[in-house]
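What's in run-v3.csv: CSV, N, CA and C atoms
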```csv
chain,number,residue,atom,x,y,z
A,10,MET,N,72.8,-40.2,-8.2
A,10,MET,CA,71.6,-39.4,-8.0
A,10,MET,C,70.4,-40.3,-7.9
A,11,PRO,N,69.6,-40.3,-6.9
A,11,PRO,CA,68.4,-41.1,-6.8
A,11,PRO,C,67.3,-40.8,-7.9
A,12,THR,N,66.6,-41.8,-8.2
A,12,THR,CA,65.5,-41.7,-9.1
A,12,THR,C,64.3,-41.0,-8.5
A,13,ALA,N,63.6,-40.2,-9.2
A,13,ALA,CA,62.4,-39.5,-8.6
A,13,ALA,C,61.2,-40.4,-8.4
A,14,PRO,N,60.5,-40.3,-7.3
A,14,PRO,CA,59.3,-41.1,-7.2
A,14,PRO,C,58.2,-40.6,-8.2
A,15,LEU,N,57.3,-41.5,-8.6
A,15,LEU,CA,56.2,-41.1,-9.4
A,15,LEU,C,55.0,-40.8,-8.5
A,16,SER,N,54.1,-39.9,-9.1
A,16,SER,CA,52.9,-39.6,-8.3
A,16,SER,C,51.9,-40.7,-8.4
A,17,GLN,N,51.0,-40.7,-7.5
A,17,GLN,CA,49.9,-41.8,-7.6
A,17,GLN,C,49.2,-41.8,-8.9
A,18,LYS,N,49.0,-40.7,-9.5
A,18,LYS,CA,48.3,-40.6,-10.8
A,18,LYS,C,49.2,-41.2,-11.9
A,19,GLU,N,50.5,-40.9,-11.9
A,19,GLU,CA,51.4,-41.4,-12.9
A,19,GLU,C,51.5,-42.9,-12.8
A,20,ILE,N,51.5,-43.4,-11.6
A,20,ILE,CA,51.6,-44.9,-11.3
A,20,ILE,C,50.3,-45.5,-11.9
A,21,GLU,N,49.2,-45.0,-11.5
A,21,GLU,CA,47.9,-45.6,-12.0
A,21,GLU,C,47.8,-45.5,-13.5
A,22,ASP,N,48.2,-44.4,-14.1
A,22,ASP,CA,48.1,-44.3,-15.5
A,22,ASP,C,49.0,-45.4,-16.2
A,23,ARG,N,50.2,-45.6,-15.7
A,23,ARG,CA,51.1,-46.5,-16.3
A,23,ARG,C,50.6,-48.0,-16.0
A,24,LEU,N,50.1,-48.2,-14.8
A,24,LEU,CA,49.6,-49.6,-14.5
A,24,LEU,C,48.4,-50.0,-15.4
A,25,SER,N,47.7,-49.0,-15.9
A,25,SER,CA,46.5,-49.3,-16.8
A,25,SER,C,47.0,-49.9,-18.1
A,26,GLU,N,48.3,-49.7,-18.4
A,26,GLU,CA,48.9,-50.3,-19.6
A,26,GLU,C,49.6,-51.7,-19.3
A,27,LEU,N,49.5,-52.1,-18.0
A,27,LEU,CA,50.2,-53.4,-17.6
A,27,LEU,C,49.2,-54.2,-16.9
A,28,PRO,N,48.4,-55.0,-17.7
A,28,PRO,CA,47.3,-55.8,-17.1
A,28,PRO,C,47.9,-56.8,-16.0
A,29,GLY,N,47.2,-56.9,-14.9
A,29,GLY,CA,47.6,-57.8,-13.9
A,29,GLY,C,48.5,-57.1,-12.8
A,30,TRP,N,49.1,-56.0,-13.2
A,30,TRP,CA,50.0,-55.4,-12.2
A,30,TRP,C,49.1,-54.4,-11.4
A,31,ALA,N,49.5,-54.3,-10.1
A,31,ALA,CA,48.7,-53.5,-9.1
A,31,ALA,C,49.7,-52.8,-8.2
A,32,LEU,N,49.2,-51.7,-7.6
A,32,LEU,CA,50.0,-51.0,-6.6
A,32,LEU,C,49.5,-51.5,-5.3
A,33,GLU,N,50.4,-52.1,-4.5
A,33,GLU,CA,50.1,-52.6,-3.2
A,33,GLU,C,51.1,-51.9,-2.2
A,34,GLY,N,50.5,-51.0,-1.4
A,34,GLY,CA,51.4,-50.2,-0.5
A,34,GLY,C,52.4,-49.4,-1.3
A,35,ASP,N,53.7,-49.6,-1.1
A,35,ASP,CA,54.7,-48.9,-1.7
A,35,ASP,C,55.4,-49.6,-2.8
A,36,ARG,N,54.7,-50.7,-3.4
A,36,ARG,CA,55.3,-51.5,-4.4
A,36,ARG,C,54.3,-51.8,-5.5
A,37,ILE,N,54.8,-52.1,-6.7
A,37,ILE,CA,53.9,-52.7,-7.7
A,37,ILE,C,54.1,-54.2,-7.7
A,38,THR,N,53.0,-54.9,-7.9
A,38,THR,CA,53.1,-56.4,-7.8
A,38,THR,C,52.4,-57.1,-9.0
A,39,ARG,N,52.8,-58.3,-9.2
A,39,ARG,CA,52.1,-59.1,-10.2
A,39,ARG,C,52.4,-60.6,-9.9
A,40,THR,N,51.4,-61.5,-10.0
A,40,THR,CA,51.6,-62.9,-9.9
A,40,THR,C,51.2,-63.5,-11.2
A,41,TYR,N,52.1,-64.3,-11.8
A,41,TYR,CA,51.8,-65.0,-13.0
A,41,TYR,C,51.5,-66.5,-12.7
A,42,ARG,N,50.6,-67.1,-13.4
A,42,ARG,CA,50.4,-68.6,-13.3
A,42,ARG,C,50.9,-69.2,-14.6
A,43,LEU,N,51.5,-70.3,-14.4
A,43,LEU,CA,52.1,-71.1,-15.5
A,43,LEU,C,51.6,-72.5,-15.5
A,44,ALA,N,51.9,-73.2,-16.6
A,44,ALA,CA,51.4,-74.6,-16.7
A,44,ALA,C,52.1,-75.6,-15.8
A,45,SER,N,53.3,-75.3,-15.4
A,45,SER,CA,54.0,-76.3,-14.6
A,45,SER,C,55.1,-75.6,-13.7
A,46,HIS,N,55.7,-76.4,-12.8
A,46,HIS,CA,56.8,-75.8,-12.0
A,46,HIS,C,58.0,-75.5,-12.9
A,47,PHE,N,58.3,-76.4,-13.9
A,47,PHE,CA,59.4,-76.2,-14.8
A,47,PHE,C,59.2,-74.9,-15.5
A,48,ALA,N,58.0,-74.6,-16.0
A,48,ALA,CA,57.7,-73.4,-16.8
A,48,ALA,C,57.9,-72.2,-15.9
A,49,ALA,N,57.5,-72.3,-14.7
A,49,ALA,CA,57.6,-71.2,-13.7
A,49,ALA,C,59.1,-70.9,-13.4
A,50,ALA,N,59.9,-72.0,-13.2
A,50,ALA,CA,61.3,-71.9,-13.0
A,50,ALA,C,62.0,-71.2,-14.1
A,51,ALA,N,61.6,-71.6,-15.4
A,51,ALA,CA,62.3,-71.0,-16.6
A,51,ALA,C,62.0,-69.5,-16.6
A,52,MET,N,60.7,-69.1,-16.3
A,52,MET,CA,60.4,-67.7,-16.4
A,52,MET,C,61.2,-67.0,-15.3
A,53,THR,N,61.3,-67.6,-14.1
A,53,THR,CA,62.1,-66.9,-13.1
A,53,THR,C,63.5,-66.6,-13.5
A,54,ILE,N,64.1,-67.5,-14.2
A,54,ILE,CA,65.5,-67.3,-14.7
A,54,ILE,C,65.5,-66.2,-15.7
A,55,HIS,N,64.5,-66.1,-16.6
A,55,HIS,CA,64.4,-65.1,-17.6
A,55,HIS,C,64.2,-63.7,-16.9
A,56,VAL,N,63.4,-63.7,-15.9
A,56,VAL,CA,63.2,-62.4,-15.1
A,56,VAL,C,64.5,-62.0,-14.5
A,57,ALA,N,65.2,-62.9,-13.9
A,57,ALA,CA,66.4,-62.6,-13.2
A,57,ALA,C,67.4,-62.0,-14.2
A,58,GLN,N,67.4,-62.5,-15.4
A,58,GLN,CA,68.3,-62.0,-16.5
A,58,GLN,C,67.9,-60.6,-16.8
A,59,ILE,N,66.6,-60.3,-16.9
A,59,ILE,CA,66.2,-58.9,-17.2
A,59,ILE,C,66.6,-58.0,-16.1
A,60,GLN,N,66.4,-58.5,-14.9
A,60,GLN,CA,66.8,-57.6,-13.7
A,60,GLN,C,68.2,-57.3,-13.7
A,61,ASP,N,69.1,-58.3,-14.0
A,61,ASP,CA,70.5,-58.0,-14.1
A,61,ASP,C,70.8,-57.0,-15.2
A,62,GLU,N,70.2,-57.1,-16.4
A,62,GLU,CA,70.4,-56.2,-17.5
A,62,GLU,C,70.0,-54.8,-17.1
A,63,LEU,N,68.9,-54.6,-16.3
A,63,LEU,CA,68.5,-53.3,-15.9
A,63,LEU,C,69.2,-52.8,-14.6
A,64,ASN,N,69.9,-53.7,-14.0
A,64,ASN,CA,70.5,-53.4,-12.7
A,64,ASN,C,69.4,-52.9,-11.7
A,65,HIS,N,68.3,-53.6,-11.7
A,65,HIS,CA,67.2,-53.2,-10.9
A,65,HIS,C,66.4,-54.5,-10.6
A,66,HIS,N,66.4,-54.9,-9.3
A,66,HIS,CA,65.9,-56.2,-8.9
A,66,HIS,C,64.7,-56.1,-8.0
A,67,SER,N,63.7,-57.0,-8.2
A,67,SER,CA,62.5,-57.1,-7.5
A,67,SER,C,62.6,-58.2,-6.4
A,68,ASP,N,61.6,-58.3,-5.6
A,68,ASP,CA,61.4,-59.5,-4.8
A,68,ASP,C,60.8,-60.4,-5.8
A,69,LEU,N,61.4,-61.6,-6.0
A,69,LEU,CA,61.0,-62.5,-7.0
A,69,LEU,C,60.8,-63.9,-6.3
A,70,THR,N,59.5,-64.4,-6.4
A,70,THR,CA,59.2,-65.6,-5.7
A,70,THR,C,58.7,-66.6,-6.7
A,71,LEU,N,59.3,-67.8,-6.6
A,71,LEU,CA,58.9,-69.0,-7.4
A,71,LEU,C,58.0,-69.9,-6.5
A,72,GLY,N,56.8,-70.1,-7.0
A,72,GLY,CA,56.0,-71.1,-6.4
A,72,GLY,C,55.9,-72.4,-7.3
A,73,TYR,N,55.0,-73.3,-6.9
A,73,TYR,CA,54.9,-74.5,-7.7
A,73,TYR,C,54.6,-74.2,-9.2
A,74,ASN,N,53.6,-73.4,-9.5
A,74,ASN,CA,53.4,-73.0,-10.9
A,74,ASN,C,53.1,-71.5,-11.0
A,75,THR,N,53.7,-70.7,-10.1
A,75,THR,CA,53.6,-69.3,-10.1
A,75,THR,C,54.9,-68.6,-10.0
A,76,VAL,N,54.9,-67.3,-10.5
A,76,VAL,CA,56.0,-66.4,-10.4
A,76,VAL,C,55.5,-65.1,-9.9
A,77,ALA,N,55.9,-64.6,-8.8
A,77,ALA,CA,55.4,-63.4,-8.2
A,77,ALA,C,56.5,-62.3,-8.1
A,78,LEU,N,56.2,-61.1,-8.4
A,78,LEU,CA,57.1,-60.0,-8.3
A,78,LEU,C,56.5,-58.9,-7.5
A,79,ALA,N,57.4,-58.3,-6.7
A,79,ALA,CA,57.0,-57.1,-5.9
A,79,ALA,C,58.2,-56.2,-6.0
A,80,VAL,N,58.0,-55.0,-6.5
A,80,VAL,CA,59.1,-54.1,-6.8
A,80,VAL,C,58.9,-52.6,-6.4
A,81,HIS,N,59.9,-52.0,-5.9
A,81,HIS,CA,60.0,-50.6,-5.7
A,81,HIS,C,61.5,-50.2,-5.7
A,82,THR,N,61.8,-49.0,-5.7
A,82,THR,CA,63.2,-48.5,-5.9
A,82,THR,C,63.8,-48.2,-4.5
A,83,HIS,N,64.7,-49.0,-4.1
A,83,HIS,CA,65.4,-48.8,-2.8
A,83,HIS,C,66.1,-47.4,-2.7
A,84,ASP,N,66.8,-47.1,-3.8
A,84,ASP,CA,67.6,-45.8,-3.7
A,84,ASP,C,66.8,-44.6,-3.8
A,85,ALA,N,65.5,-44.7,-4.0
A,85,ALA,CA,64.6,-43.6,-4.0
A,85,ALA,C,63.8,-43.6,-2.7
A,86,GLY,N,64.2,-44.4,-1.7
A,86,GLY,CA,63.4,-44.4,-0.5
A,86,GLY,C,62.3,-45.4,-0.4
A,87,GLY,N,62.4,-46.4,-1.3
A,87,GLY,CA,61.3,-47.5,-1.3
A,87,GLY,C,60.0,-47.0,-1.8
A,88,VAL,N,60.0,-46.2,-2.9
A,88,VAL,CA,58.8,-45.8,-3.6
A,88,VAL,C,58.9,-46.3,-5.0
A,89,VAL,N,57.7,-46.1,-5.7
A,89,VAL,CA,57.7,-46.6,-7.1
A,89,VAL,C,58.2,-45.4,-8.0
A,90,THR,N,59.1,-45.9,-8.9
A,90,THR,CA,59.8,-45.0,-9.9
A,90,THR,C,59.6,-45.5,-11.3
A,91,GLU,N,60.1,-44.8,-12.2
A,91,GLU,CA,60.2,-45.2,-13.6
A,91,GLU,C,60.9,-46.5,-13.8
A,92,LYS,N,61.9,-46.7,-13.0
A,92,LYS,CA,62.7,-48.0,-13.0
A,92,LYS,C,61.8,-49.2,-12.8
A,93,ASP,N,60.8,-49.1,-11.9
A,93,ASP,CA,59.9,-50.2,-11.6
A,93,ASP,C,59.0,-50.5,-12.7
A,94,LEU,N,58.5,-49.4,-13.3
A,94,LEU,CA,57.5,-49.6,-14.4
A,94,LEU,C,58.3,-50.1,-15.7
A,95,THR,N,59.5,-49.8,-15.8
A,95,THR,CA,60.3,-50.3,-17.0
A,95,THR,C,60.5,-51.8,-16.8
A,96,LEU,N,60.9,-52.2,-15.5
A,96,LEU,CA,61.0,-53.6,-15.2
A,96,LEU,C,59.7,-54.4,-15.5
A,97,ALA,N,58.6,-53.8,-15.0
A,97,ALA,CA,57.3,-54.5,-15.2
A,97,ALA,C,57.0,-54.7,-16.7
A,98,ALA,N,57.2,-53.7,-17.4
A,98,ALA,CA,57.0,-53.7,-18.9
A,98,ALA,C,57.9,-54.8,-19.6
A,99,ARG,N,59.1,-54.9,-19.2
A,99,ARG,CA,60.0,-55.9,-19.8
A,99,ARG,C,59.6,-57.3,-19.4
A,100,VAL,N,59.1,-57.5,-18.1
A,100,VAL,CA,58.7,-58.8,-17.7
A,100,VAL,C,57.4,-59.1,-18.5
A,101,GLU,N,56.5,-58.2,-18.6
A,101,GLU,CA,55.2,-58.4,-19.4
A,101,GLU,C,55.5,-58.9,-20.8
A,102,ALA,N,56.6,-58.3,-21.4
A,102,ALA,CA,56.9,-58.6,-22.8
A,102,ALA,C,57.4,-60.0,-23.0
A,103,VAL,N,57.9,-60.6,-21.9
A,103,VAL,CA,58.4,-62.0,-22.1
A,103,VAL,C,57.4,-63.0,-21.5
A,104,ALA,N,56.5,-62.6,-20.7
A,104,ALA,CA,55.6,-63.5,-19.9
A,104,ALA,C,54.8,-64.4,-20.8
A,105,THR,N,54.2,-63.9,-21.9
A,105,THR,CA,53.4,-64.7,-22.7
A,105,THR,C,54.2,-65.8,-23.4
A,106,GLY,N,55.5,-65.5,-23.7
A,106,GLY,CA,56.3,-66.5,-24.4
A,106,GLY,C,56.6,-67.7,-23.4
A,107,HIS,N,56.4,-67.5,-22.2
A,107,HIS,CA,56.5,-68.6,-21.2
A,107,HIS,C,55.2,-69.3,-20.9
A,108,GLY,N,54.1,-68.8,-21.6
A,108,GLY,CA,52.8,-69.3,-21.3
A,108,GLY,C,52.1,-68.8,-20.0
A,109,ALA,N,52.7,-67.7,-19.5
A,109,ALA,CA,52.1,-67.1,-18.3
A,109,ALA,C,50.9,-66.3,-18.5
A,110,HIS,N,50.0,-66.4,-17.5
A,110,HIS,CA,48.8,-65.6,-17.6
A,110,HIS,C,48.4,-65.1,-16.2
```

Take the structure in the file and write it out as structure tokens.
Amino acid sequence: MPTAPLSQKEIEDRLSELPGWALEGDRITRTYRLASHFAAAAMTIHVAQIQDELNHHSDLTLGYNTVALAVHTHDAGGVVTEKDLTLAARVEAVATGHGAH
């Protein structure tokens, strides 16, 4: 059974609890800056592990010293759902440990 899409208000309210995350079109996004390429690569691996645990995967981009995520729920028609906000919160919870800002 597909996950239900969230309303614009629900998304905005939840994003207010996730600094740096924004709604862009039909996805929530965030770019983190890190001290080095190695730190960014390590965070990317950690995010990939979280995504596998949740069985919910974002577009995950590794830059020189950045990690960018863009996520929506494919099985809900490409809209933002609770799954996306759960993933964002889990990533936020580990980002500071990687020195991300």

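The residue that comes closest to Leu71 in chain A, out of A:Thr105, A:Gln58, A:Thr53, A:Thr38 and on the basis of all atoms listed in the file, is A:Thr53.
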
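When only N, CA and C atoms are used to compute distances to Thr90 in chain A, the closest of the residues A:Val56, A:Leu78, A:Ile37, A:Asp22 turns out to be A:Ile37.
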
Inset, instruction - Using only N, CA and C atoms, pick whichever of A:Ala57, A:Met52, A:Leu32, A:Leu69 has the shortest atom-to-atom distance to Ala104 in chain A. - result: A:Met52

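Minimum distance to His107 in chain A across A:Ser45, A:Thr70, A:Asp84, A:Lys92 (counting only C-alpha atoms) occurs at A:Ser45.
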
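Listed by chain and then by rising number, the residues of chain A that DSSP assigns to strand (DSSP E or B) from the backbone are Pro14, Ala31, Leu32, Glu33, Arg36, Ile37, Thr38, Arg39, Thr40, Tyr41, Arg42, Asp68, Leu69, Thr70, Leu71, Thr75, Val76, Ala77, Leu78, Ala79, Val80, Thr82, Val88 and Thr90 of chain A.
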
Could the centre and edge lengths of an axis-aligned box, enclosing all atoms of range 71-76 of chain A in the file with 3 Å extra on each side, be given in Å to one decimal as AutoDock Vina command-line options?
```
--center_x 56.2 --center_y -69.8 --center_z -8.7 --size_x 12.2 --size_y 15.4 --size_z 10.6
```

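Each of A:Val89, A:Ala31, A:Val100, A:Ala44 was checked against Thr12 in chain A using only N, CA and C atoms; the smallest atom-to-atom distance is that of A:Val89.
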
Legend entry - Which of A:Ile20, A:Leu43, A:Leu15, A:Ala79 sits closest to His110 in chain A [using all atoms listed in the file]: A:Leu43

Inset, instruction - In Å, rounded to a single decimal, give me how far CA of Val80 in chain A is from atom C of His66 in chain A. - result: 6.1 Å

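Here the residues that fall within 12 Å of (70.7, -50.4, -1.8), using only C-alpha atoms, are given as Pro11, Asn64, His65, His66, His81, Thr82, His83, Asp84, Ala85, Gly86 and Gly87 of chain A.
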
Output range 11-26 of chain A as a PDB file, in the coordinates of the input, making sure N, CA, C and O atoms are there.
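Listed below is the output, out_34.pdb:
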```pdb
ATOM      1  N   PRO A  11      69.600 -40.300  -6.900  1.00  0.00           N
ATOM      2  CA  PRO A  11      68.400 -41.100  -6.800  1.00  0.00           C
ATOM      3  C   PRO A  11      67.300 -40.800  -7.900  1.00  0.00           C
ATOM      4  O   PRO A  11      67.269 -39.718  -8.375  1.00  0.00           O
ATOM      5  N   THR A  12      66.600 -41.800  -8.200  1.00  0.00           N
ATOM      6  CA  THR A  12      65.500 -41.700  -9.100  1.00  0.00           C
ATOM      7  C   THR A  12      64.300 -41.000  -8.500  1.00  0.00           C
ATOM      8  O   THR A  12      64.008 -41.358  -7.303  1.00  0.00           O
ATOM      9  N   ALA A  13      63.600 -40.200  -9.200  1.00  0.00           N
ATOM     10  CA  ALA A  13      62.400 -39.500  -8.600  1.00  0.00           C
ATOM     11  C   ALA A  13      61.200 -40.400  -8.400  1.00  0.00           C
ATOM     12  O   ALA A  13      60.944 -41.155  -9.356  1.00  0.00           O
ATOM     13  N   PRO A  14      60.500 -40.300  -7.300  1.00  0.00           N
ATOM     14  CA  PRO A  14      59.300 -41.100  -7.200  1.00  0.00           C
ATOM     15  C   PRO A  14      58.200 -40.600  -8.200  1.00  0.00           C
ATOM     16  O   PRO A  14      58.193 -39.385  -8.525  1.00  0.00           O
ATOM     17  N   LEU A  15      57.300 -41.500  -8.600  1.00  0.00           N
ATOM     18  CA  LEU A  15      56.200 -41.100  -9.400  1.00  0.00           C
ATOM     19  C   LEU A  15      55.000 -40.800  -8.500  1.00  0.00           C
ATOM     20  O   LEU A  15      54.848 -41.293  -7.442  1.00  0.00           O
ATOM     21  N   SER A  16      54.100 -39.900  -9.100  1.00  0.00           N
ATOM     22  CA  SER A  16      52.900 -39.600  -8.300  1.00  0.00           C
ATOM     23  C   SER A  16      51.900 -40.700  -8.400  1.00  0.00           C
ATOM     24  O   SER A  16      52.048 -41.610  -9.295  1.00  0.00           O
ATOM     25  N   GLN A  17      51.000 -40.700  -7.500  1.00  0.00           N
ATOM     26  CA  GLN A  17      49.900 -41.800  -7.600  1.00  0.00           C
ATOM     27  C   GLN A  17      49.200 -41.800  -8.900  1.00  0.00           C
ATOM     28  O   GLN A  17      49.022 -42.896  -9.461  1.00  0.00           O
ATOM     29  N   LYS A  18      49.000 -40.700  -9.500  1.00  0.00           N
ATOM     30  CA  LYS A  18      48.300 -40.600 -10.800  1.00  0.00           C
ATOM     31  C   LYS A  18      49.200 -41.200 -11.900  1.00  0.00           C
ATOM     32  O   LYS A  18      48.734 -41.962 -12.759  1.00  0.00           O
ATOM     33  N   GLU A  19      50.500 -40.900 -11.900  1.00  0.00           N
ATOM     34  CA  GLU A  19      51.400 -41.400 -12.900  1.00  0.00           C
ATOM     35  C   GLU A  19      51.500 -42.900 -12.800  1.00  0.00           C
ATOM     36  O   GLU A  19      51.467 -43.630 -13.780  1.00  0.00           O
ATOM     37  N   ILE A  20      51.500 -43.400 -11.600  1.00  0.00           N
ATOM     38  CA  ILE A  20      51.600 -44.900 -11.300  1.00  0.00           C
ATOM     39  C   ILE A  20      50.300 -45.500 -11.900  1.00  0.00           C
ATOM     40  O   ILE A  20      50.368 -46.516 -12.613  1.00  0.00           O
ATOM     41  N   GLU A  21      49.200 -45.000 -11.500  1.00  0.00           N
ATOM     42  CA  GLU A  21      47.900 -45.600 -12.000  1.00  0.00           C
ATOM     43  C   GLU A  21      47.800 -45.500 -13.500  1.00  0.00           C
ATOM     44  O   GLU A  21      47.307 -46.513 -14.068  1.00  0.00           O
ATOM     45  N   ASP A  22      48.200 -44.400 -14.100  1.00  0.00           N
ATOM     46  CA  ASP A  22      48.100 -44.300 -15.500  1.00  0.00           C
ATOM     47  C   ASP A  22      49.000 -45.400 -16.200  1.00  0.00           C
ATOM     48  O   ASP A  22      48.569 -46.053 -17.159  1.00  0.00           O
ATOM     49  N   ARG A  23      50.200 -45.600 -15.700  1.00  0.00           N
ATOM     50  CA  ARG A  23      51.100 -46.500 -16.300  1.00  0.00           C
ATOM     51  C   ARG A  23      50.600 -48.000 -16.000  1.00  0.00           C
ATOM     52  O   ARG A  23      50.773 -48.826 -16.897  1.00  0.00           O
ATOM     53  N   LEU A  24      50.100 -48.200 -14.800  1.00  0.00           N
ATOM     54  CA  LEU A  24      49.600 -49.600 -14.500  1.00  0.00           C
ATOM     55  C   LEU A  24      48.400 -50.000 -15.400  1.00  0.00           C
ATOM     56  O   LEU A  24      48.216 -51.147 -15.677  1.00  0.00           O
ATOM     57  N   SER A  25      47.700 -49.000 -15.900  1.00  0.00           N
ATOM     58  CA  SER A  25      46.500 -49.300 -16.800  1.00  0.00           C
ATOM     59  C   SER A  25      47.000 -49.900 -18.100  1.00  0.00           C
ATOM     60  O   SER A  25      46.270 -50.595 -18.766  1.00  0.00           O
ATOM     61  N   GLU A  26      48.300 -49.700 -18.400  1.00  0.00           N
ATOM     62  CA  GLU A  26      48.900 -50.300 -19.600  1.00  0.00           C
ATOM     63  C   GLU A  26      49.600 -51.700 -19.300  1.00  0.00           C
ATOM     64  O   GLU A  26      50.093 -52.314 -20.220  1.00  0.00           O
TER      65      GLU A  26
END
```
